[in-house]
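*Asks:* Attaching a single structure in structure tokens format; questions to follow.
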Amino acid sequence: QVQLVESGGGLVQAGGSLRLSCAASGSIRSINTMSWYRQAPGKQRELVASISSRGWNDYADSVKGRFTISRDNAKNTVYLQMNSLKPEDTAVYYCNFRSPDINVWGKGTLVTVSS
């Protein structure tokens, strides 16, 4: 099994920055993808950014140029640097770990951006 621990959420003013972290532990295969999703009130969960163990990454159009995903494979940790935050970025952010036989979600961390 794999466990995920997220941290870094909070309240920030529009234009500010936050960095989210997600540490994975347990039976971690070397080939995997770690991602951040978010879910705003009344909306479906959506992919924000993902990064594979080989470093390939992908972003939602709404965050391109503002958010950066990175990972430290030695620490099995993924980060999401969020800059130029907007009120519409307000959501619960979930970490996801996926490998060929595992798909695990974190409990989520709340990000609130005030206008």
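In the structure tokens, chains take letters A, B, ... by order of appearance, with residues numbered from 1 within each chain and ligands from 1 in the order shown.
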Need to verify the contact set: stretch 30-38 of chain A, 6 Å, only C-alpha atoms, exclusion of same-chain residues closer than 6 positions in sequence. Can you return it as a PyMOL selection string?

*Replies:* chain A and resi 45-53+91-99

*Asks:* Which residues are close to A:Lys64, i.e. within 12 Å by only C-alpha atoms, leaving aside same-chain residues fewer than 2 positions away? Reply as an MDAnalysis selection string.

*Replies:* chainID A and resid 48:49 57:62 66:69 81:85

*Asks:* For a quick check of understanding, using only C-alpha atoms, which of A:Lys107, A:Val78, A:Gln44, A:Asp101 has the smallest distance to A:Leu20?

*Replies:*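 The closest residue to A:Leu20 is A:Val78.
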
*Asks:* Restricting the calculation to only C-alpha atoms: of A:Gln39, A:Ser115, A:Gln1, A:Ser70, which residue gets closest to A:Arg19?

*Replies:*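 Of all the options, A:Ser70 lies closest to A:Arg19.
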
*Asks:* For stretch 7-15 of chain A, please output as number ranges by chain all residues within 6 Å (counting only C-alpha atoms; exclusion window: fewer than 6 positions along the same chain).

*Replies:* A: 21, 84-86, 109-115

*Asks:* Return as a VMD selection string the full set of residues in chain A whose backbone-based DSSP assignment is strand (DSSP E).

*Replies:* chain A and resid 2 to 7 10 to 13 18 to 26 33 to 39 46 to 52 57 to 59 67 to 72 77 to 82 91 to 99 102 to 105 109 to 114

*Asks:* In Å to one decimal, how far is atom CA of A:Leu4 from atom CA of A:Gly106?

*Replies:* 5.2 Å
